[in-house]
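Q: What follows is start32.csv; its format and atoms are CSV, C-alpha atoms.
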```csv
chain,number,residue,atom,x,y,z
W,144,MET,CA,60.1,-72.1,86.2
W,145,SER,CA,62.9,-70.2,87.7
W,146,TYR,CA,60.9,-68.6,90.5
W,147,ILE,CA,60.0,-72.0,92.0
W,148,THR,CA,63.0,-73.0,93.9
W,149,PRO,CA,63.5,-76.5,95.3
W,150,LEU,CA,62.7,-75.2,98.8
W,151,LEU,CA,59.4,-73.7,97.6
W,152,THR,CA,58.5,-76.8,95.6
W,153,GLY,CA,59.1,-78.9,98.6
W,154,LEU,CA,56.9,-76.7,100.8
W,155,VAL,CA,54.0,-76.7,98.4
W,156,GLU,CA,54.2,-80.5,98.1
W,157,ALA,CA,54.4,-80.9,101.9
W,158,VAL,CA,51.4,-78.8,102.4
W,159,LYS,CA,49.3,-80.5,99.8
W,160,LYS,CA,50.2,-84.0,100.9
W,161,SER,CA,49.5,-83.2,104.5
W,162,ALA,CA,46.1,-81.6,103.6
W,163,SER,CA,44.9,-84.5,101.4
W,164,SER,CA,42.8,-85.8,104.2
W,165,LEU,CA,40.9,-82.5,104.5
W,166,ASP,CA,39.2,-83.1,101.1
W,167,ARG,CA,37.5,-86.2,102.3
W,168,ASP,CA,36.8,-84.7,105.7
W,169,PHE,CA,35.3,-81.6,104.4
W,170,ALA,CA,33.0,-83.5,102.0
W,171,GLU,CA,31.7,-85.5,105.0
W,172,LEU,CA,31.1,-82.5,107.3
W,173,GLU,CA,27.7,-81.6,105.8
W,174,GLN,CA,26.3,-85.0,106.8
W,175,LEU,CA,27.4,-84.4,110.4
W,176,GLN,CA,25.7,-81.1,110.9
W,177,ASN,CA,22.7,-82.7,112.7
W,178,SER,CA,25.0,-84.4,115.2
W,179,VAL,CA,26.7,-81.7,117.4
W,180,ARG,CA,28.8,-84.2,119.3
W,181,GLY,CA,29.7,-86.1,116.2
W,182,ASN,CA,30.7,-83.0,114.4
W,183,GLN,CA,33.0,-81.8,117.2
W,184,ASN,CA,34.7,-85.1,117.4
W,185,PHE,CA,35.1,-85.3,113.7
W,186,VAL,CA,36.6,-81.8,113.5
W,187,PHE,CA,39.0,-82.5,116.3
W,188,ASN,CA,40.2,-85.6,114.6
W,189,SER,CA,40.6,-83.8,111.3
W,190,TYR,CA,42.7,-81.1,113.0
W,191,SER,CA,44.8,-83.6,114.9
W,192,ARG,CA,45.4,-85.6,111.8
W,193,ILE,CA,46.7,-82.7,109.7
W,194,VAL,CA,48.9,-81.4,112.5
W,195,LYS,CA,50.5,-84.8,112.6
W,196,ASN,CA,50.9,-84.9,108.8
W,197,LEU,CA,52.4,-81.5,108.7
W,198,LYS,CA,55.0,-82.3,111.3
W,199,VAL,CA,56.1,-85.4,109.4
W,200,GLU,CA,56.3,-83.7,106.0
W,201,LEU,CA,57.9,-80.4,107.2
W,202,ALA,CA,60.6,-82.4,109.1
W,203,LYS,CA,61.7,-83.8,105.8
W,204,ILE,CA,62.4,-80.2,104.6
W,205,ARG,CA,64.1,-78.8,107.7
W,206,PRO,CA,64.5,-81.5,110.3
W,207,ASP,CA,66.2,-79.1,112.7
W,208,MET,CA,63.4,-76.5,112.5
W,209,PRO,CA,60.8,-76.3,115.3
W,210,ILE,CA,57.1,-76.2,114.2
W,211,PHE,CA,54.6,-73.9,115.9
W,212,THR,CA,50.8,-73.8,115.6
W,213,PRO,CA,48.3,-71.3,117.0
W,214,ASN,CA,48.1,-73.5,120.1
W,215,ASP,CA,51.8,-72.9,120.8
W,216,LYS,CA,53.8,-70.0,122.2
W,217,VAL,CA,56.3,-69.1,119.5
W,218,VAL,CA,59.9,-69.0,120.8
W,219,GLY,CA,63.2,-68.4,118.9
W,220,SER,CA,63.7,-66.6,115.6
W,221,SER,CA,63.7,-69.4,113.1
W,222,TYR,CA,60.8,-71.9,112.8
W,223,PHE,CA,57.8,-73.1,110.8
W,224,ALA,CA,54.7,-71.0,111.5
W,225,VAL,CA,51.8,-73.3,110.8
W,226,SER,CA,48.1,-72.8,111.0
W,227,PRO,CA,46.8,-76.4,110.2
W,228,ILE,CA,43.2,-75.3,109.6
W,229,GLU,CA,43.0,-71.5,109.6
W,230,GLY,CA,39.3,-70.7,109.7
W,231,LEU,CA,38.5,-73.7,111.8
W,232,ILE,CA,35.0,-72.6,112.6
W,233,ASN,CA,34.2,-72.2,108.9
W,234,PHE,CA,35.6,-75.7,108.3
W,235,ALA,CA,33.5,-77.1,111.1
W,236,HIS,CA,30.3,-75.7,109.5
W,237,GLY,CA,31.0,-76.8,106.0
W,238,ASN,CA,32.0,-73.3,104.9
W,239,PRO,CA,34.8,-73.4,102.3
W,240,ASP,CA,36.6,-70.3,103.6
W,241,PHE,CA,39.4,-72.1,105.4
W,242,ALA,CA,43.1,-72.8,104.5
W,243,VAL,CA,46.3,-74.5,105.5
W,244,SER,CA,48.9,-71.8,106.1
W,245,VAL,CA,52.6,-72.6,106.4
W,246,ALA,CA,55.6,-70.2,106.5
W,247,LEU,CA,59.3,-70.8,106.9
W,248,VAL,CA,60.7,-68.1,109.1
W,249,GLU,CA,64.4,-67.3,109.5
W,250,ASP,CA,65.7,-64.6,111.8
W,251,ASN,CA,62.2,-63.4,112.4
W,252,VAL,CA,61.6,-62.9,108.6
W,253,PRO,CA,59.2,-65.1,106.5
W,254,ILE,CA,61.2,-66.4,103.6
W,255,CYS,CA,58.9,-69.0,102.1
W,256,ALA,CA,55.1,-69.5,102.4
W,257,VAL,CA,52.2,-71.5,101.2
W,258,VAL,CA,48.5,-70.9,101.7
W,259,TYR,CA,46.3,-73.7,100.5
W,260,ASN,CA,42.5,-73.9,100.3
W,261,PRO,CA,41.6,-77.6,99.7
W,262,ALA,CA,37.9,-76.8,99.3
W,263,ARG,CA,38.5,-74.7,96.2
W,264,ASP,CA,41.9,-76.3,95.3
W,265,GLU,CA,43.6,-72.9,95.5
W,266,THR,CA,47.3,-72.8,96.2
W,267,PHE,CA,49.1,-69.5,96.9
W,268,PHE,CA,52.8,-69.4,97.4
W,269,ALA,CA,55.7,-66.9,97.7
W,270,GLU,CA,59.4,-66.7,98.4
W,271,LYS,CA,61.2,-63.7,99.6
W,272,GLY,CA,62.4,-61.6,96.8
W,273,LYS,CA,60.9,-63.8,94.1
W,274,GLY,CA,57.3,-62.7,94.0
W,275,ALA,CA,53.9,-64.2,94.9
W,276,PHE,CA,51.9,-66.6,92.8
W,277,LYS,CA,48.7,-68.6,92.5
W,278,GLU,CA,49.1,-72.1,91.2
W,279,GLY,CA,47.7,-72.8,87.7
W,280,TYR,CA,47.3,-75.9,85.7
W,281,ARG,CA,49.6,-74.8,82.9
W,282,ASN,CA,51.0,-71.5,84.1
W,283,HIS,CA,51.1,-69.9,87.5
W,284,GLU,CA,49.4,-66.5,88.0
W,285,ARG,CA,51.6,-63.7,89.3
W,286,LEU,CA,49.8,-62.0,92.2
W,287,ARG,CA,49.7,-58.2,92.5
W,288,VAL,CA,47.7,-56.1,95.0
W,289,SER,CA,44.9,-54.0,93.6
W,290,SER,CA,45.4,-50.4,92.3
W,291,ALA,CA,42.3,-49.1,94.0
W,292,LYS,CA,42.6,-45.4,95.0
W,293,ASP,CA,39.1,-44.5,96.3
W,294,LEU,CA,38.5,-45.4,99.9
W,295,ASP,CA,34.8,-45.2,99.6
W,296,LYS,CA,34.8,-47.9,96.9
W,297,ALA,CA,37.5,-50.1,98.6
W,298,LEU,CA,36.6,-53.6,99.7
W,299,ILE,CA,38.2,-54.3,103.1
W,300,THR,CA,38.2,-57.4,105.2
W,301,GLY,CA,38.5,-57.9,108.9
W,302,THR,CA,38.4,-60.8,111.4
W,303,VAL,CA,37.4,-61.2,115.1
W,304,ALA,CA,40.1,-63.5,116.4
W,305,ASP,CA,39.5,-62.9,120.1
W,306,LYS,CA,36.1,-62.5,121.8
W,307,ASP,CA,37.8,-60.9,124.8
W,308,ASN,CA,38.8,-58.0,122.5
W,309,LEU,CA,35.3,-57.6,121.1
W,310,ALA,CA,34.9,-53.9,122.1
W,311,ASP,CA,38.1,-53.0,120.2
W,312,ASN,CA,37.0,-55.0,117.2
W,313,ILE,CA,33.6,-53.2,117.1
W,314,LYS,CA,35.3,-49.8,117.3
W,315,LEU,CA,37.7,-50.8,114.6
W,316,HIS,CA,35.0,-52.1,112.2
W,317,SER,CA,32.8,-49.1,112.9
W,318,ALA,CA,35.6,-46.8,111.9
W,319,ILE,CA,36.1,-48.7,108.6
W,320,MET,CA,32.4,-48.8,107.8
W,321,THR,CA,32.1,-45.0,108.4
W,322,LYS,CA,34.7,-44.3,105.7
W,323,THR,CA,34.1,-47.1,103.3
W,324,GLY,CA,30.8,-49.0,103.8
W,325,ASN,CA,32.4,-52.1,102.4
W,326,LEU,CA,33.6,-54.5,105.1
W,327,ARG,CA,33.7,-58.3,104.9
W,328,ILE,CA,34.4,-60.7,107.8
W,329,SER,CA,35.3,-64.1,106.4
W,330,GLY,CA,36.7,-65.8,109.5
W,331,CYS,CA,40.0,-66.8,107.7
W,332,ILE,CA,42.8,-64.2,107.9
W,333,ALA,CA,45.1,-66.4,105.8
W,334,LEU,CA,42.7,-66.4,102.9
W,335,ASP,CA,42.0,-62.7,103.3
W,336,LEU,CA,45.6,-61.9,102.9
W,337,ALA,CA,46.0,-64.3,99.9
W,338,TYR,CA,43.0,-62.8,98.2
W,339,LEU,CA,44.4,-59.3,99.0
W,340,ALA,CA,47.7,-60.3,97.4
W,341,GLY,CA,45.7,-61.3,94.3
W,342,GLY,CA,43.8,-58.0,94.1
W,343,LYS,CA,40.4,-59.3,95.2
W,344,PHE,CA,40.4,-57.2,98.4
W,345,ASP,CA,42.0,-53.8,98.8
W,346,ALA,CA,42.9,-53.9,102.5
W,347,SER,CA,42.7,-56.1,105.5
W,348,VAL,CA,42.5,-54.9,109.1
W,349,SER,CA,42.4,-57.2,112.1
W,350,LEU,CA,43.4,-57.5,115.8
W,351,ASN,CA,44.9,-60.1,118.0
W,352,ASN,CA,45.9,-62.6,115.3
W,353,HIS,CA,48.2,-65.4,116.3
W,354,LEU,CA,51.6,-65.2,114.6
W,355,CYS,CA,51.0,-68.6,112.9
W,356,SER,CA,47.8,-67.4,111.4
W,357,ILE,CA,49.2,-64.4,109.6
W,358,MET,CA,52.9,-65.2,108.7
W,359,GLY,CA,52.2,-66.9,105.4
W,360,GLY,CA,49.7,-64.3,104.2
W,361,ILE,CA,52.1,-61.5,105.2
W,362,LEU,CA,54.8,-62.8,102.8
W,363,LEU,CA,52.2,-63.2,100.0
W,364,VAL,CA,51.1,-59.5,100.4
W,365,LYS,CA,54.6,-58.2,100.6
W,366,GLU,CA,55.7,-60.1,97.5
W,367,ALA,CA,52.6,-58.9,95.7
W,368,GLY,CA,53.5,-55.3,96.3
W,369,GLY,CA,51.4,-54.6,99.3
W,370,SER,CA,52.2,-52.9,102.6
W,371,ILE,CA,52.1,-54.5,106.1
W,372,ARG,CA,52.1,-52.5,109.3
W,373,ALA,CA,50.6,-52.4,112.8
W,374,VAL,CA,47.2,-50.9,113.4
W,375,LYS,CA,48.5,-48.3,115.9
W,376,GLN,CA,51.7,-47.6,114.2
W,377,LYS,CA,52.4,-43.9,114.3
W,378,ASP,CA,54.4,-43.6,111.1
W,379,ASN,CA,53.1,-45.4,108.0
W,380,ARG,CA,56.2,-44.6,106.0
W,381,ILE,CA,58.2,-47.3,107.8
W,382,GLU,CA,57.6,-51.0,108.1
W,383,ASN,CA,57.9,-52.6,111.6
W,384,LEU,CA,57.0,-56.2,111.2
W,385,ASN,CA,58.2,-57.0,114.7
W,386,GLU,CA,55.4,-54.8,116.1
W,387,VAL,CA,52.9,-56.7,114.0
W,388,PHE,CA,54.3,-60.0,115.2
W,389,LYS,CA,54.3,-58.9,118.8
W,390,LYS,CA,50.6,-57.9,119.1
W,391,GLY,CA,49.0,-59.6,116.0
W,392,ASP,CA,47.4,-56.3,115.1
W,393,LEU,CA,47.6,-56.0,111.3
W,394,ILE,CA,46.9,-53.6,108.5
W,395,ALA,CA,47.6,-55.0,105.0
W,396,VAL,CA,46.9,-52.6,102.1
W,397,ASN,CA,47.8,-51.6,98.6
W,398,PHE,CA,50.1,-48.6,98.1
W,399,ASN,CA,47.4,-46.2,96.9
W,400,LEU,CA,45.3,-46.7,100.0
W,401,ASN,CA,48.1,-46.8,102.5
W,402,GLN,CA,47.8,-43.2,103.7
W,403,LYS,CA,44.0,-43.1,103.6
W,404,ILE,CA,43.7,-46.3,105.7
W,405,PHE,CA,46.3,-44.8,108.0
W,406,GLU,CA,44.2,-41.7,108.5
W,407,ILE,CA,41.2,-43.7,109.7
W,408,PHE,CA,43.1,-44.9,112.8
W,409,LYS,CA,45.4,-41.9,113.2
```
Turn this file's structure into structure tokens for me.

A:
Amino acid sequence: MSYITPLLTGLVEAVKKSASSLDRDFAELEQLQNSVRGNQNFVFNSYSRIVKNLKVELAKIRPDMPIFTPNDKVVGSSYFAVSPIEGLINFAHGNPDFAVSVALVEDNVPICAVVYNPARDETFFAEKGKGAFKEGYRNHERLRVSSAKDLDKALITGTVADKDNLADNIKLHSAIMTKTGNLRISGCIALDLAYLAGGKFDASVSLNNHLCSIMGGILLVKEAGGSIRAVKQKDNRIENLNEVFKKGDLIAVNFNLNQKIFEIFK
């Protein structure tokens, strides 16, 4: 189909090939729950293996492009933003809410992204200006953010990415709960944003995310018609992704709820 360019096709194939080992690893994790040391070693090896795989496969697409993970300091304006196992704690506990997230960034703008959940065999992908999609067996599903208008009925997700920022997270989540009463904390921001792009969630609000954890999901939300901005942004009529990238504080929301979510933190 016309919306799947060779670049996007190559990125999807690279992510899936790199993540093939996670299927086997995830299936074995349940048997390791009684051995804490064994579990830790197993998870470390799984993470190291997929990092290595991704570096090999992504180099085939853009050999000149640096690859950064959440363990790295991102430098430059063009690179691969990679979260090898986003939701690593979930993965380590046999929880299927984890994903491999990869985005190709050029001049500080994500142009191509894949978020893949091996546990559920869900593949979400997007390319700038071409829309966001979920892979299907015969036809791919076009992703669109929800049309929810009522804040008190909205389903909002959040994450706690940094224990050192716990007080701010509690304040943030309390403000959301006061206005909506529907807050979910999944532990995987990449999947939160992918599901938001598909209309399963209405908004996502979180602090201190690493750039590599959110870059792929940001493109999915934007290409699905959603809005991305910083939590403390003073004007919600403009988009300032550089502010989001700088601090990792993120509000992703559908158009109808944009102003209402903005008022919570105003």

Q: Could you tell me which of W:Ala340, W:Asn188, W:Cys255, W:Asp392 comes closest to Arg285 of chain W if we count only C-alpha atoms?

A: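 Result for the nearest residue to Arg285 of chain W: W:Ala340.
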
Q: When you count all atoms listed in the file, which of these residues is closest to Glu200 of chain W: W:Arg263, W:His353, W:Lys159, W:Lys403?

A: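 The shortest atom-to-atom distance to Glu200 of chain W comes from W:Lys159.
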
Q: One number please: atom CA of Leu150 of chain W to atom CA of Ala395 of chain W, in Å, one decimal.

A: 26.0 Å

Q: Fewer than 5 positions away in the same chain doesn't count, so skip those; otherwise give me all residues within 10 Å of Phe388 of chain W, counting all atoms listed in the file, as a list in words.

A: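 Once the adjacent positions are removed, what remains is Asn251, Asn351, Asn352, His353, Leu354, Cys355, Ile357, Met358, Arg372, Ala373, Asn383 and Leu393 of chain W.
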
Q: What does the distance between atom CA of Gly391 of chain W and atom CA of Leu363 of chain W come to in Å, to one decimal place?

A: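 Separating atom CA of Gly391 of chain W from atom CA of Leu363 of chain W is a distance of 16.7 Å.
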
Q: Report the distance between atom CA of Ile328 of chain W and atom CA of Gly301 of chain W in Å, rounded to one decimal place.

A: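 For atom CA of Ile328 of chain W relative to atom CA of Gly301 of chain W, the distance reads 5.1 Å.
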
Q: Check the smallest atom-to-atom distance from each of W:Ala297, W:Ile254, W:Val364, W:Leu336 to Gly324 of chain W using only C-alpha atoms, then report the winner.

A: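 Of W:Ala297, W:Ile254, W:Val364, W:Leu336, the one nearest Gly324 of chain W, counting only C-alpha atoms, is W:Ala297.
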
Q: Can you tell me which residues surround Thr212 of chain W at a distance of at most 7 Å, considering all atoms listed in the file, apart from same-chain residues fewer than 2 positions away, and format the answer as an NGL selection string?

A: :W and (210 or 214-215 or 224-226 or 355)

Q: Calculated over all atoms listed in the file, which of the candidates W:Gly272, W:Gly341, W:Gly230, W:Gly153 has the smallest distance to Glu284 of chain W?

A: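 That would be W:Gly341, the residue with the smallest distance to Glu284 of chain W.
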
Q: Tell me which of W:Phe276, W:Phe268, W:Phe405, W:Phe185 sits closest to Leu294 of chain W, counting only C-alpha atoms.

A: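 Of W:Phe276, W:Phe268, W:Phe405, W:Phe185, the one nearest Leu294 of chain W is W:Phe405, counting only C-alpha atoms.
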
Q: Near segment 310-323 of chain W, counting all atoms listed in the file, which residues have an atom at most 8 Å away, once you skip same-chain residues fewer than 4 positions from it, shown as a list in words?

A: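 Listed by chain and then number, they are Leu294, Asp295, Lys296, Ala297, Leu298, Gly301, Val303, Ser349, Leu350, Ile407 and Phe408 of chain W.
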
Q: Find the spatial neighbours of Val252 of chain W, counting only C-alpha atoms, within a cut-off of 10 Å - ignore same-chain residues fewer than 6 positions away - and output them as a PyMOL selection string.

A: chain W and resi 220-222+246+271+358+362+384-385
